[in-house]
$ cat coords13.cif   # mmCIF, C-alpha atoms
data_run
#
loop_
_atom_site.label_atom_id
_atom_site.label_comp_id
_atom_site.auth_asym_id
_atom_site.auth_seq_id
_atom_site.Cartn_x
_atom_site.Cartn_y
_atom_site.Cartn_z
CA MET A 841 -16.28 -51.38 20.01
CA LYS A 842 -19.90 -51.36 18.77
CA GLN A 843 -19.63 -47.64 18.03
CA ARG A 844 -16.38 -48.16 16.10
CA ILE A 845 -17.89 -50.99 14.04
CA LYS A 846 -20.97 -48.88 13.35
CA LYS A 847 -18.79 -45.96 12.22
CA TYR A 848 -16.70 -48.17 9.96
CA ILE A 849 -19.82 -49.60 8.36
CA ILE A 850 -20.84 -46.00 7.64
CA TYR A 851 -17.43 -45.36 6.04
CA LEU A 852 -17.84 -48.45 3.85
CA ALA A 853 -21.31 -47.29 2.83
CA LEU A 854 -19.91 -43.86 1.97
CA GLY A 855 -17.26 -45.52 -0.19
CA LEU A 856 -19.94 -47.45 -2.09
CA ILE A 857 -22.15 -44.37 -2.50
CA MET A 858 -19.25 -42.24 -3.74
CA GLY A 859 -18.25 -45.02 -6.14
CA ILE A 860 -21.73 -45.06 -7.67
CA VAL A 861 -22.22 -41.27 -7.79
CA CYS A 862 -18.70 -40.44 -8.97
CA GLY A 863 -18.66 -43.41 -11.35
CA LEU A 864 -21.71 -42.01 -13.14
CA CYS A 865 -20.25 -38.49 -13.11
CA GLY A 866 -16.96 -39.87 -14.39
CA VAL A 867 -18.75 -41.52 -17.32
CA VAL A 868 -20.42 -38.22 -18.24
CA PHE A 869 -17.12 -36.33 -17.92
CA SER A 870 -15.12 -38.92 -19.91
CA LYS A 871 -17.67 -39.07 -22.73
CA THR A 872 -17.87 -35.26 -22.82
CA VAL A 873 -14.08 -34.95 -23.15
CA SER A 874 -14.04 -37.63 -25.88
CA LEU A 875 -16.85 -35.87 -27.74
CA VAL A 876 -15.30 -32.39 -27.67
CA THR A 877 -11.90 -33.86 -28.61
CA ALA A 878 -13.46 -35.52 -31.66
CA VAL A 879 -15.10 -32.20 -32.59
CA ARG A 880 -11.74 -30.40 -32.32
CA GLN A 881 -9.92 -32.99 -34.40
CA SER A 882 -12.45 -32.76 -37.22
CA ASN A 883 -12.75 -28.95 -37.08
CA GLY A 884 -9.28 -27.43 -36.91
CA TRP A 885 -10.63 -23.87 -37.02
CA VAL A 886 -11.88 -24.09 -33.39
CA LEU A 887 -8.29 -23.45 -32.27
CA TRP A 888 -8.82 -19.80 -33.20
CA LEU A 889 -11.49 -19.58 -30.50
CA LEU A 890 -9.07 -20.61 -27.73
CA PRO A 891 -8.62 -17.06 -26.28
CA ILE A 892 -12.42 -16.56 -26.22
CA GLY A 893 -12.88 -19.96 -24.59
CA GLY A 894 -10.35 -18.95 -21.95
CA LEU A 895 -12.32 -15.81 -21.16
CA ILE A 896 -15.49 -17.89 -20.77
CA SER A 897 -13.65 -20.30 -18.49
CA VAL A 898 -12.48 -17.47 -16.20
CA PHE A 899 -16.01 -16.03 -16.14
CA ILE A 900 -17.47 -19.43 -15.12
CA TYR A 901 -14.93 -19.74 -12.32
CA LYS A 902 -15.77 -16.27 -11.02
CA LEU A 903 -19.48 -17.04 -11.27
CA CYS A 904 -18.97 -20.24 -9.25
CA LYS A 905 -16.64 -18.40 -6.83
CA CYS A 906 -13.83 -20.87 -7.45
CA GLU A 907 -10.95 -18.54 -8.34
CA ASN A 908 -7.53 -19.89 -7.36
CA THR A 909 -8.95 -23.33 -6.55
CA GLY A 910 -7.10 -26.32 -8.00
CA THR A 911 -5.98 -29.89 -7.40
CA THR A 912 -3.78 -28.93 -4.44
CA ASN A 913 -6.80 -27.41 -2.69
CA VAL A 914 -8.67 -30.71 -3.05
CA PHE A 915 -5.73 -32.52 -1.43
CA GLU A 916 -5.79 -29.98 1.42
CA CYS A 917 -9.53 -30.55 1.81
CA ALA A 918 -8.83 -34.23 2.52
CA GLN A 919 -5.85 -33.49 4.76
CA THR A 920 -7.23 -30.61 6.84
CA GLU A 921 -10.51 -28.96 7.84
CA LYS A 922 -10.45 -26.69 4.77
CA GLY A 923 -13.54 -26.95 2.58
CA LEU A 924 -14.07 -26.43 -1.15
CA PRO A 925 -16.30 -23.98 -3.04
CA SER A 926 -19.70 -25.51 -3.82
CA GLY A 927 -19.41 -24.59 -7.49
CA LEU A 928 -16.06 -26.32 -8.08
CA PRO A 929 -17.43 -29.48 -9.80
CA VAL A 930 -19.41 -27.41 -12.32
CA ALA A 931 -16.57 -24.93 -12.89
CA ILE A 932 -13.84 -27.52 -13.50
CA PHE A 933 -16.16 -29.67 -15.64
CA CYS A 934 -16.98 -26.72 -17.93
CA GLY A 935 -13.44 -25.36 -17.90
CA SER A 936 -11.93 -28.73 -18.86
CA ALA A 937 -14.50 -29.29 -21.61
CA ILE A 938 -13.65 -25.87 -23.07
CA SER A 939 -9.90 -26.59 -22.88
CA HIS A 940 -10.23 -29.93 -24.71
CA LEU A 941 -12.67 -28.55 -27.27
CA LEU A 942 -10.44 -25.65 -28.29
CA GLY A 943 -7.00 -27.30 -28.04
CA ALA A 944 -5.40 -26.33 -24.73
CA SER A 945 -2.57 -28.70 -23.83
CA VAL A 946 -4.06 -30.14 -20.64
CA GLY A 947 -5.16 -33.53 -19.36
CA ARG A 948 -8.29 -34.74 -17.62
CA GLU A 949 -7.19 -36.66 -14.52
CA GLY A 950 -6.44 -33.51 -12.49
CA ALA A 951 -9.90 -32.26 -13.40
CA ALA A 952 -11.40 -35.63 -12.43
CA ILE A 953 -9.78 -35.42 -8.98
CA GLN A 954 -11.25 -31.94 -8.50
CA ILE A 955 -14.72 -32.99 -9.66
CA GLY A 956 -14.66 -36.05 -7.38
CA GLY A 957 -13.42 -34.10 -4.37
CA GLY A 958 -15.91 -31.30 -5.00
CA ILE A 959 -18.87 -33.68 -5.29
CA ALA A 960 -17.79 -35.53 -2.13
CA ASN A 961 -17.49 -32.25 -0.26
CA LEU A 962 -21.05 -31.29 -1.30
CA ILE A 963 -22.43 -34.67 -0.20
CA SER A 964 -20.59 -34.38 3.11
CA ARG A 965 -22.21 -31.02 3.76
CA ALA A 966 -25.65 -32.25 2.72
CA PHE A 967 -25.49 -35.19 5.15
CA LYS A 968 -23.72 -33.10 7.83
CA LEU A 969 -20.97 -35.66 8.28
CA ASP A 970 -18.40 -35.26 11.04
CA GLU A 971 -14.89 -34.13 10.11
CA LYS A 972 -13.36 -37.60 9.86
CA ALA A 973 -16.19 -38.95 7.70
CA ARG A 974 -16.04 -35.85 5.48
CA ARG A 975 -12.36 -36.27 4.76
CA ILE A 976 -12.76 -39.99 4.03
CA THR A 977 -15.64 -39.16 1.69
CA VAL A 978 -13.48 -36.63 -0.17
CA MET A 979 -10.75 -39.24 -0.61
CA CYS A 980 -13.34 -41.72 -1.93
CA GLY A 981 -14.61 -39.15 -4.43
CA MET A 982 -11.11 -38.37 -5.71
CA ALA A 983 -10.24 -42.03 -6.26
CA ALA A 984 -13.62 -42.85 -7.83
CA LEU A 985 -13.46 -40.12 -10.50
CA PHE A 986 -9.81 -40.88 -11.30
CA SER A 987 -10.66 -44.58 -11.66
CA ALA A 988 -13.76 -43.97 -13.79
CA VAL A 989 -11.96 -41.64 -16.22
CA PHE A 990 -8.63 -43.46 -16.59
CA GLY A 991 -9.66 -47.06 -15.97
CA THR A 992 -6.97 -47.81 -13.36
CA PRO A 993 -8.78 -48.55 -10.06
CA ILE A 994 -5.77 -49.89 -8.13
CA ALA A 995 -3.54 -46.99 -9.18
CA ALA A 996 -6.31 -44.49 -8.34
CA PHE A 997 -6.59 -45.97 -4.84
CA ALA A 998 -2.80 -45.91 -4.32
CA PHE A 999 -2.46 -42.36 -5.69
CA VAL A 1000 -5.04 -40.91 -3.28
CA ILE A 1001 -3.59 -42.75 -0.27
CA GLU A 1002 -0.03 -41.70 -1.12
CA VAL A 1003 -0.78 -38.11 -1.95
CA ILE A 1004 -2.85 -37.54 1.21
CA MET A 1005 -0.56 -39.59 3.51
CA THR A 1006 -2.12 -38.88 6.94
CA SER A 1007 -3.07 -41.17 9.81
CA LEU A 1008 -6.63 -41.07 8.42
CA CYS A 1009 -5.51 -43.21 5.48
CA ILE A 1010 -5.67 -46.36 7.62
CA ALA A 1011 -9.40 -45.93 8.22
CA ALA A 1012 -9.95 -44.67 4.66
CA ALA A 1013 -8.13 -47.50 2.83
CA VAL A 1014 -10.99 -49.97 2.36
CA PRO A 1015 -13.70 -47.34 1.65
CA VAL A 1016 -11.42 -45.69 -0.96
CA LEU A 1017 -10.72 -49.09 -2.54
CA ILE A 1018 -14.47 -49.84 -2.69
CA SER A 1019 -15.24 -46.46 -4.27
CA SER A 1020 -12.45 -46.87 -6.82
CA PHE A 1021 -13.52 -50.34 -7.99
CA THR A 1022 -17.24 -49.47 -7.95
CA ALA A 1023 -16.61 -46.44 -10.18
CA HIS A 1024 -14.43 -48.53 -12.50
CA ILE A 1025 -17.10 -51.22 -12.90
CA ILE A 1026 -19.76 -48.59 -13.65
CA SER A 1027 -17.56 -46.80 -16.18
CA ILE A 1028 -16.61 -49.89 -18.21
CA THR A 1029 -20.22 -51.13 -18.05
CA LEU A 1030 -21.40 -47.84 -19.56
CA GLY A 1031 -18.82 -47.89 -22.34
CA VAL A 1032 -15.80 -45.93 -21.11
CA GLN A 1033 -12.67 -47.61 -22.50
CA PRO A 1034 -9.80 -47.89 -20.00
CA GLU A 1035 -6.40 -46.65 -21.15
CA ARG A 1036 -4.32 -49.66 -22.20
CA PHE A 1037 -1.12 -49.83 -24.25
CA ASN A 1038 0.74 -52.71 -25.87
CA MET A 1039 4.38 -52.50 -24.85
CA GLY A 1040 5.54 -55.33 -27.11
CA SER A 1041 8.48 -57.63 -26.38
CA LEU A 1042 11.17 -56.92 -23.78
CA PRO A 1043 14.84 -56.76 -24.75
CA ARG A 1044 17.18 -59.51 -23.57
CA PHE A 1045 18.65 -58.85 -20.13
CA SER A 1046 22.35 -57.92 -20.08
CA ALA A 1047 24.76 -55.42 -18.52
CA LEU A 1048 24.50 -53.26 -21.65
CA PHE A 1049 20.69 -53.32 -21.43
CA VAL A 1050 20.86 -52.17 -17.78
CA GLY A 1051 23.29 -49.37 -18.68
CA LYS A 1052 21.04 -48.09 -21.46
CA THR A 1053 18.02 -48.19 -19.15
CA VAL A 1054 19.89 -46.12 -16.56
CA ILE A 1055 20.61 -43.51 -19.25
CA ILE A 1056 16.87 -43.29 -20.06
CA VAL A 1057 16.01 -42.99 -16.35
CA ILE A 1058 18.52 -40.17 -15.81
CA ALA A 1059 17.25 -38.28 -18.86
CA CYS A 1060 13.63 -38.65 -17.70
CA ILE A 1061 14.40 -37.48 -14.15
CA ALA A 1062 16.11 -34.37 -15.54
CA VAL A 1063 13.21 -33.62 -17.88
CA ALA A 1064 10.68 -34.16 -15.06
CA PHE A 1065 12.53 -31.49 -13.07
CA VAL A 1066 12.37 -29.11 -16.04
CA PHE A 1067 8.63 -29.77 -16.43
CA CYS A 1068 7.76 -29.23 -12.75
CA ALA A 1069 10.00 -26.19 -12.41
CA GLY A 1070 8.71 -24.82 -15.72
CA ILE A 1071 5.10 -24.88 -14.53
CA ARG A 1072 5.96 -23.06 -11.29
CA LEU A 1073 8.12 -20.51 -13.10
CA GLY A 1074 5.55 -20.09 -15.88
CA LYS A 1075 2.76 -19.33 -13.42
CA SER A 1076 4.95 -16.75 -11.69
CA ILE A 1077 5.92 -15.05 -14.98
CA PHE A 1078 2.37 -14.96 -16.35
CA LYS A 1079 1.05 -13.47 -13.09
CA LYS A 1080 3.73 -10.78 -13.10
CA ILE A 1081 3.24 -9.79 -16.74
CA PHE A 1082 -0.56 -10.20 -16.94
CA LYS A 1083 -2.05 -9.22 -13.58
CA ASN A 1084 -5.63 -9.42 -14.85
CA GLU A 1085 -6.94 -13.01 -15.13
CA TYR A 1086 -8.91 -12.32 -18.31
CA ILE A 1087 -5.94 -10.76 -20.09
CA ARG A 1088 -3.66 -13.54 -18.80
CA ILE A 1089 -5.72 -16.42 -20.20
CA ALA A 1090 -6.45 -14.62 -23.48
CA ALA A 1091 -2.73 -13.94 -23.95
CA GLY A 1092 -2.02 -17.61 -23.25
CA GLY A 1093 -4.57 -18.58 -25.91
CA VAL A 1094 -2.91 -16.31 -28.47
CA ILE A 1095 0.53 -17.74 -27.63
CA MET A 1096 -0.90 -21.26 -28.06
CA ILE A 1097 -2.26 -20.40 -31.51
CA LEU A 1098 1.11 -18.95 -32.57
CA LEU A 1099 2.99 -21.97 -31.23
CA THR A 1100 0.66 -24.38 -33.03
CA LEU A 1101 1.10 -22.49 -36.32
CA ALA A 1102 4.88 -22.33 -35.83
CA VAL A 1103 5.15 -26.08 -35.15
CA GLY A 1104 2.74 -26.94 -37.98
CA SER A 1105 1.13 -29.79 -36.05
CA ARG A 1106 -1.90 -30.28 -33.77
CA ASP A 1107 -0.20 -33.16 -31.91
CA TYR A 1108 0.42 -30.96 -28.87
CA ASN A 1109 -3.13 -29.67 -28.46
CA GLY A 1110 -5.32 -31.55 -26.00
CA GLY A 1111 -4.11 -34.25 -23.63
CA GLY A 1112 -2.36 -36.40 -26.21
CA ILE A 1113 -3.47 -39.95 -25.42
CA ASP A 1114 -3.55 -40.66 -29.17
CA ILE A 1115 0.12 -39.64 -29.42
CA ILE A 1116 1.03 -42.00 -26.57
CA GLU A 1117 -0.72 -44.82 -28.45
CA ARG A 1118 1.29 -43.91 -31.54
CA VAL A 1119 4.56 -44.17 -29.59
CA PHE A 1120 3.71 -47.74 -28.54
CA GLU A 1121 3.04 -48.47 -32.21
CA GLY A 1122 6.62 -47.42 -32.99
CA ILE A 1123 6.11 -43.81 -34.16
CA VAL A 1124 7.89 -41.08 -32.19
CA ARG A 1125 9.41 -37.66 -32.89
CA TYR A 1126 12.59 -36.68 -31.06
CA GLU A 1127 11.39 -33.16 -30.23
CA ALA A 1128 7.87 -34.17 -29.11
CA PHE A 1129 8.59 -34.21 -25.37
CA ALA A 1130 10.13 -30.71 -25.40
CA LEU A 1131 7.25 -29.23 -27.39
CA LYS A 1132 4.69 -30.83 -25.08
CA ILE A 1133 6.45 -29.30 -22.08
CA LEU A 1134 6.32 -25.87 -23.75
CA PHE A 1135 2.66 -26.14 -24.76
CA THR A 1136 1.55 -27.47 -21.36
CA VAL A 1137 3.51 -24.89 -19.37
CA VAL A 1138 1.91 -22.07 -21.39
CA CYS A 1139 -1.62 -23.44 -20.92
CA ILE A 1140 -1.35 -24.24 -17.21
CA SER A 1141 0.42 -20.93 -16.50
CA ALA A 1142 -2.20 -18.95 -18.40
CA GLY A 1143 -5.02 -20.58 -16.40
CA TYR A 1144 -6.59 -23.14 -18.75
CA LYS A 1145 -8.34 -25.87 -16.79
CA GLY A 1146 -7.65 -29.59 -16.97
CA GLY A 1147 -4.76 -31.53 -15.49
CA GLU A 1148 -1.08 -32.30 -15.76
CA ILE A 1149 -1.08 -36.09 -15.50
CA VAL A 1150 -1.79 -37.02 -19.15
CA PRO A 1151 0.75 -34.43 -20.40
CA THR A 1152 3.21 -35.99 -17.92
CA LEU A 1153 2.57 -39.43 -19.44
CA PHE A 1154 2.89 -37.92 -22.94
CA ILE A 1155 6.28 -36.43 -22.06
CA GLY A 1156 7.47 -39.67 -20.49
CA ALA A 1157 6.32 -41.85 -23.40
CA THR A 1158 7.81 -39.64 -26.12
CA LEU A 1159 11.10 -39.00 -24.29
CA GLY A 1160 11.49 -42.66 -23.32
CA GLY A 1161 10.55 -43.84 -26.80
CA ALA A 1162 12.94 -41.42 -28.53
CA SER A 1163 15.77 -42.33 -26.12
CA ALA A 1164 15.18 -46.04 -26.73
CA LEU A 1165 15.31 -45.45 -30.47
CA LEU A 1166 18.68 -43.72 -30.15
CA LEU A 1167 20.05 -46.43 -27.86
CA GLY A 1168 18.86 -49.36 -29.94
CA LEU A 1169 16.16 -50.55 -27.52
CA PRO A 1170 12.50 -51.30 -28.36
CA ILE A 1171 10.46 -48.08 -28.44
CA GLY A 1172 7.65 -49.59 -26.38
CA TYR A 1173 10.06 -50.52 -23.60
CA GLY A 1174 11.56 -47.02 -23.55
CA ALA A 1175 8.09 -45.45 -23.49
CA ALA A 1176 7.09 -47.63 -20.53
CA VAL A 1177 10.22 -46.62 -18.60
CA GLY A 1178 9.59 -42.96 -19.45
CA ILE A 1179 5.98 -43.10 -18.21
CA ALA A 1180 7.03 -44.74 -14.93
CA VAL A 1181 9.84 -42.25 -14.26
CA LEU A 1182 7.92 -39.10 -15.24
CA PHE A 1183 4.84 -40.03 -13.22
CA CYS A 1184 6.86 -40.93 -10.14
CA ALA A 1185 9.14 -37.88 -10.36
CA ALA A 1186 6.27 -35.47 -10.99
CA THR A 1187 3.78 -36.78 -8.40
CA LYS A 1188 6.16 -38.30 -5.81
CA CYS A 1189 3.88 -41.35 -5.61
CA PRO A 1190 6.06 -44.44 -6.29
CA VAL A 1191 3.47 -47.13 -5.49
CA ALA A 1192 0.87 -45.41 -7.68
CA ALA A 1193 3.45 -45.13 -10.48
CA ILE A 1194 4.15 -48.88 -10.36
CA LEU A 1195 0.47 -49.82 -10.26
CA LEU A 1196 -0.44 -47.35 -13.01
CA CYS A 1197 2.11 -48.92 -15.35
CA CYS A 1198 1.00 -52.43 -14.39
CA GLU A 1199 -2.65 -51.65 -15.12
CA MET A 1200 -1.95 -49.84 -18.39
CA LEU A 1201 0.80 -52.11 -19.72
CA GLY A 1202 0.21 -55.45 -18.00
CA PHE A 1203 1.62 -56.72 -14.72
CA GLY A 1204 4.57 -58.29 -16.53
CA CYS A 1205 6.17 -54.83 -16.74
CA ALA A 1206 6.67 -54.86 -12.94
CA LEU A 1207 9.99 -56.66 -13.47
CA PHE A 1208 11.61 -53.46 -14.74
CA VAL A 1209 9.15 -50.79 -13.53
CA VAL A 1210 9.70 -51.51 -9.82
CA PRO A 1211 13.50 -50.92 -9.81
CA VAL A 1212 13.13 -47.94 -12.15
CA VAL A 1213 10.56 -46.29 -9.89
CA ILE A 1214 12.60 -46.98 -6.74
CA ILE A 1215 15.66 -45.34 -8.31
CA THR A 1216 13.54 -42.37 -9.39
CA PHE A 1217 11.93 -41.88 -5.98
CA ILE A 1218 15.29 -42.00 -4.20
CA THR A 1219 17.03 -39.75 -6.74
CA ALA A 1220 14.41 -37.14 -7.73
CA ARG A 1221 14.29 -35.16 -4.48
CA TYR A 1222 13.03 -31.91 -6.04
CA ARG A 1223 9.52 -30.58 -5.59
CA GLY A 1224 6.80 -32.28 -7.65
CA LEU A 1225 3.75 -30.92 -9.42
CA TYR A 1226 1.63 -30.77 -6.28
CA GLY A 1227 4.24 -29.68 -3.79
CA ASN A 1228 3.75 -32.87 -1.79
CA SER A 1229 7.23 -34.38 -1.97
CA TYR A 1230 6.85 -36.58 1.08
CA ASP A 1231 9.43 -38.86 2.60
CA ILE A 1232 7.81 -42.01 4.02
CA ILE A 1233 10.64 -42.70 6.48
CA LYS A 1234 10.59 -39.10 7.75
CA ILE A 1235 6.82 -39.25 8.27
CA LEU A 1236 7.07 -42.50 10.24
CA ILE A 1237 9.89 -41.09 12.39
CA ASN A 1238 7.91 -37.91 13.10
CA LYS A 1239 4.84 -39.94 14.05
CA ARG A 1240 6.96 -42.09 16.37
CA LYS A 1241 8.48 -38.99 18.02
CA THR A 1242 5.01 -37.48 18.51
CA ALA A 1243 3.70 -40.71 20.05
CA LEU A 1244 6.65 -40.91 22.45
CA THR A 1245 6.25 -37.25 23.45
CA GLU A 1246 2.55 -37.72 24.20
#
$ encode --input "coords13.cif" --output "structure tokens"
Amino acid sequence: MKQRIKKYIIYLALGLIMGIVCGLCGVVFSKTVSLVTAVRQSNGWVLWLLPIGGLISVFIYKLCKCENTGTTNVFECAQTEKGLPSGLPVAIFCGSAISHLLGASVGREGAAIQIGGGIANLISRAFKLDEKARRITVMCGMAALFSAVFGTPIAAFAFVIEVIMTSLCIAAAVPVLISSFTAHIISITLGVQPERFNMGSLPRFSALFVGKTVIIVIACIAVAFVFCAGIRLGKSIFKKIFKNEYIRIAAGGVIMILLTLAVGSRDYNGGGIDIIERVFEGIVRYEAFALKILFTVVCISAGYKGGEIVPTLFIGATLGGASALLLGLPIGYGAAVGIAVLFCAATKCPVAAILLCCEMLGFGCALFVVPVVIITFITARYRGLYGNSYDIIKILINKRKTALTE
């Protein structure tokens, strides 16, 4: 018992350490992304450098020996004995900064998870932690960076626990929660603004209101499938046509430039948080969600670094807002439903989806977000962005069978 208590105290200490370290790193990363985004928005000509930036990004990854390493590999690092390349935090930091500076349609939360996991893996090696402590440390790092960058500590905690979903999560729960809240406190203290949106007033409850909401949910589930399948198909097509990584990413940059010129708008370059804010202010374009899917699929398939979560929220907000406008519902309400459905359908993390909406929109939204997310999780049985479409009941049954067999 004394040994167990001693070990758990170590886990709690690791959670606090990772919260401090990753909180500070998250502040640097968040401010860097904000800075390069501001530079891009005031200097439209940098878009022309996107193919060159892609080449530099690939070179950095090769230099750091991180080729073919992404968010899924970080999840595997926390689930299994697989490690991560030592240079991953530097590579993804630089690659994401380049993507946001030059206008690739990517987010930052996926990058934050990779940076956090990579830093935690390095610290685990430095302190020669045992396997269980290493995996808990990696989970703490993932949650801490996500929390520091996005300003949603509870959702960050839930996302990591749900996406890893192993027996280790019981021991990791409190350390991960500590790391997430510690990083959040550090980030807001040092001036990182959490993502918050004003949903506005809710429509009056009625049978018609429920029917219209169901229509929005169905549309969002279908679009989430298109988005997830599009990324997988896009990666496959790009790899078949452009076998060389340098040519692949440069071609993707050229396609992005042509798409931007054809559309005549820079709204689909970068993550698009500003566009989400605009939707909650009542401004939405009907075609925005489809164009964001196209831009993001091209960038991710070509190899530009960043993440898919903010584009997912962009797609959900614009699709939900546009659908609400057509159906005579408040745009803010439709955007909130769209965000909840797209995040849940794409990540297969229902609890994290609920908590993310509650933290970004206010806990009052739980009244409609909870049923919407439950419907989505039950209905959207296709593979998500990270290939981790778990079934909680199936996992519990399998664990029970294993325990009985042993």
$ closest_atom_pairs --input "coords13.cif" --of "stretch 1027-1073 of chain A" --to "stretch 1164-1175 of chain A" --cutoff "7 Å" --atoms "only C-alpha atoms" --output "CSV"
residue,atom,partner,partner_atom,distance
A:Met1039,CA,A:Gly1172,CA,4.6
A:Gly1040,CA,A:Gly1172,CA,6.2
A:Leu1042,CA,A:Tyr1173,CA,6.5
A:Pro1043,CA,A:Leu1169,CA,6.9
A:Lys1052,CA,A:Leu1167,CA,6.7
$ closest_residue --input "coords13.cif" --among "A:Leu1099, A:Cys1060, A:Ala1186, A:Ile1071" --to "A:Gly1161" --atoms "all atoms listed in the file"
A:Cys1060
$ residues_near_point --input "coords13.cif" --point "(-15.2, -48.1, -13.4)" --cutoff "9 Å" --atoms "only C-alpha atoms" --output "list in words"
Gly859, Gly863, Leu864, Gly866, Val867, Ala984, Leu985, Ser987, Ala988, Val989, Phe990, Gly991, Thr992, Pro993, Ser1020, Phe1021, Thr1022, Ala1023, His1024, Ile1025, Ile1026, Ser1027, Ile1028, Thr1029, Leu1030, Val1032 and Pro1034 of chain A
$ write_last_selection --input "coords13.cif" --atoms "C-alpha atoms" --output "PDB file, in the frame of the given file"
ATOM      1  CA  GLY A 859     -18.250 -45.020  -6.140  1.00  0.00           C
ATOM      2  CA  GLY A 863     -18.660 -43.410 -11.350  1.00  0.00           C
ATOM      3  CA  LEU A 864     -21.710 -42.010 -13.140  1.00  0.00           C
ATOM      4  CA  GLY A 866     -16.960 -39.870 -14.390  1.00  0.00           C
ATOM      5  CA  VAL A 867     -18.750 -41.520 -17.320  1.00  0.00           C
ATOM      6  CA  ALA A 984     -13.620 -42.850  -7.830  1.00  0.00           C
ATOM      7  CA  LEU A 985     -13.460 -40.120 -10.500  1.00  0.00           C
ATOM      8  CA  SER A 987     -10.660 -44.580 -11.660  1.00  0.00           C
ATOM      9  CA  ALA A 988     -13.760 -43.970 -13.790  1.00  0.00           C
ATOM     10  CA  VAL A 989     -11.960 -41.640 -16.220  1.00  0.00           C
ATOM     11  CA  PHE A 990      -8.630 -43.460 -16.590  1.00  0.00           C
ATOM     12  CA  GLY A 991      -9.660 -47.060 -15.970  1.00  0.00           C
ATOM     13  CA  THR A 992      -6.970 -47.810 -13.360  1.00  0.00           C
ATOM     14  CA  PRO A 993      -8.780 -48.550 -10.060  1.00  0.00           C
ATOM     15  CA  SER A1020     -12.450 -46.870  -6.820  1.00  0.00           C
ATOM     16  CA  PHE A1021     -13.520 -50.340  -7.990  1.00  0.00           C
ATOM     17  CA  THR A1022     -17.240 -49.470  -7.950  1.00  0.00           C
ATOM     18  CA  ALA A1023     -16.610 -46.440 -10.180  1.00  0.00           C
ATOM     19  CA  HIS A1024     -14.430 -48.530 -12.500  1.00  0.00           C
ATOM     20  CA  ILE A1025     -17.100 -51.220 -12.900  1.00  0.00           C
ATOM     21  CA  ILE A1026     -19.760 -48.590 -13.650  1.00  0.00           C
ATOM     22  CA  SER A1027     -17.560 -46.800 -16.180  1.00  0.00           C
ATOM     23  CA  ILE A1028     -16.610 -49.890 -18.210  1.00  0.00           C
ATOM     24  CA  THR A1029     -20.220 -51.130 -18.050  1.00  0.00           C
ATOM     25  CA  LEU A1030     -21.400 -47.840 -19.560  1.00  0.00           C
ATOM     26  CA  VAL A1032     -15.800 -45.930 -21.110  1.00  0.00           C
ATOM     27  CA  PRO A1034      -9.800 -47.890 -20.000  1.00  0.00           C
TER      28      PRO A1034
END
$ resolve_selection --input "coords13.cif" --expression "the PyMOL selection byres ((chain A and resi 1223) around 12)" --output "list in words"
Ala1064, Phe1065, Val1066, Phe1067, Cys1068, Ala1069, Gly1070, Ile1071, Arg1072, Cys1184, Ala1185, Ala1186, Thr1187, Lys1188, Phe1217, Thr1219, Ala1220, Arg1221, Tyr1222, Gly1224, Leu1225, Tyr1226, Gly1227, Asn1228, Ser1229, Tyr1230 and Asp1231 of chain A
$ atom_distance --input "coords13.cif" --atom1 "atom CA of A:Ala1128" --atom2 "atom CA of A:Ile953"
26.8 Å
$ resolve_selection --input "coords13.cif" --expression "the PyMOL selection byres ((chain A and resi 980) around 9)" --output "ChimeraX atom specification"
/A:854-856,858-859,862,956-957,960,975-979,981-985,997,1000,1012,1015-1020
$ write_last_selection --input "coords13.cif" --atoms "C-alpha atoms" --output "tab-separated table (two decimals), keeping the file's coordinate frame"
chain	number	residue	atom	x	y	z
A	854	LEU	CA	-19.91	-43.86	1.97
A	855	GLY	CA	-17.26	-45.52	-0.19
A	856	LEU	CA	-19.94	-47.45	-2.09
A	858	MET	CA	-19.25	-42.24	-3.74
A	859	GLY	CA	-18.25	-45.02	-6.14
A	862	CYS	CA	-18.70	-40.44	-8.97
A	956	GLY	CA	-14.66	-36.05	-7.38
A	957	GLY	CA	-13.42	-34.10	-4.37
A	960	ALA	CA	-17.79	-35.53	-2.13
A	975	ARG	CA	-12.36	-36.27	4.76
A	976	ILE	CA	-12.76	-39.99	4.03
A	977	THR	CA	-15.64	-39.16	1.69
A	978	VAL	CA	-13.48	-36.63	-0.17
A	979	MET	CA	-10.75	-39.24	-0.61
A	981	GLY	CA	-14.61	-39.15	-4.43
A	982	MET	CA	-11.11	-38.37	-5.71
A	983	ALA	CA	-10.24	-42.03	-6.26
A	984	ALA	CA	-13.62	-42.85	-7.83
A	985	LEU	CA	-13.46	-40.12	-10.50
A	997	PHE	CA	-6.59	-45.97	-4.84
A	1000	VAL	CA	-5.04	-40.91	-3.28
A	1012	ALA	CA	-9.95	-44.67	4.66
A	1015	PRO	CA	-13.70	-47.34	1.65
A	1016	VAL	CA	-11.42	-45.69	-0.96
A	1017	LEU	CA	-10.72	-49.09	-2.54
A	1018	ILE	CA	-14.47	-49.84	-2.69
A	1019	SER	CA	-15.24	-46.46	-4.27
A	1020	SER	CA	-12.45	-46.87	-6.82
$ closest_residue --input "coords13.cif" --among "A:Glu949, A:Ala996, A:Phe1129, A:Val1057" --to "A:Ile1214" --atoms "all atoms listed in the file"
A:Val1057
$ resolve_selection --input "coords13.cif" --expression "the PyMOL selection byres ((chain A and resi 1198) around 12)" --output "ChimeraX atom specification"
/A:992-995,1035-1039,1176-1177,1179-1180,1191-1197,1199-1210
$ atom_distance --input "coords13.cif" --atom1 "atom CA of A:Glu971" --atom2 "atom CA of A:Val1003"
19.0 Å
$ residues_around --input "coords13.cif" --residues "stretch 870-886 of chain A" --least-positions-apart "4" --cutoff "12 Å" --atoms "only C-alpha atoms" --output "PyMOL selection string"
chain A and resi 862-866+890-893+933-949+951-952+955+985-991+1027-1028+1030-1035+1093+1097+1100-1101+1105-1114+1146
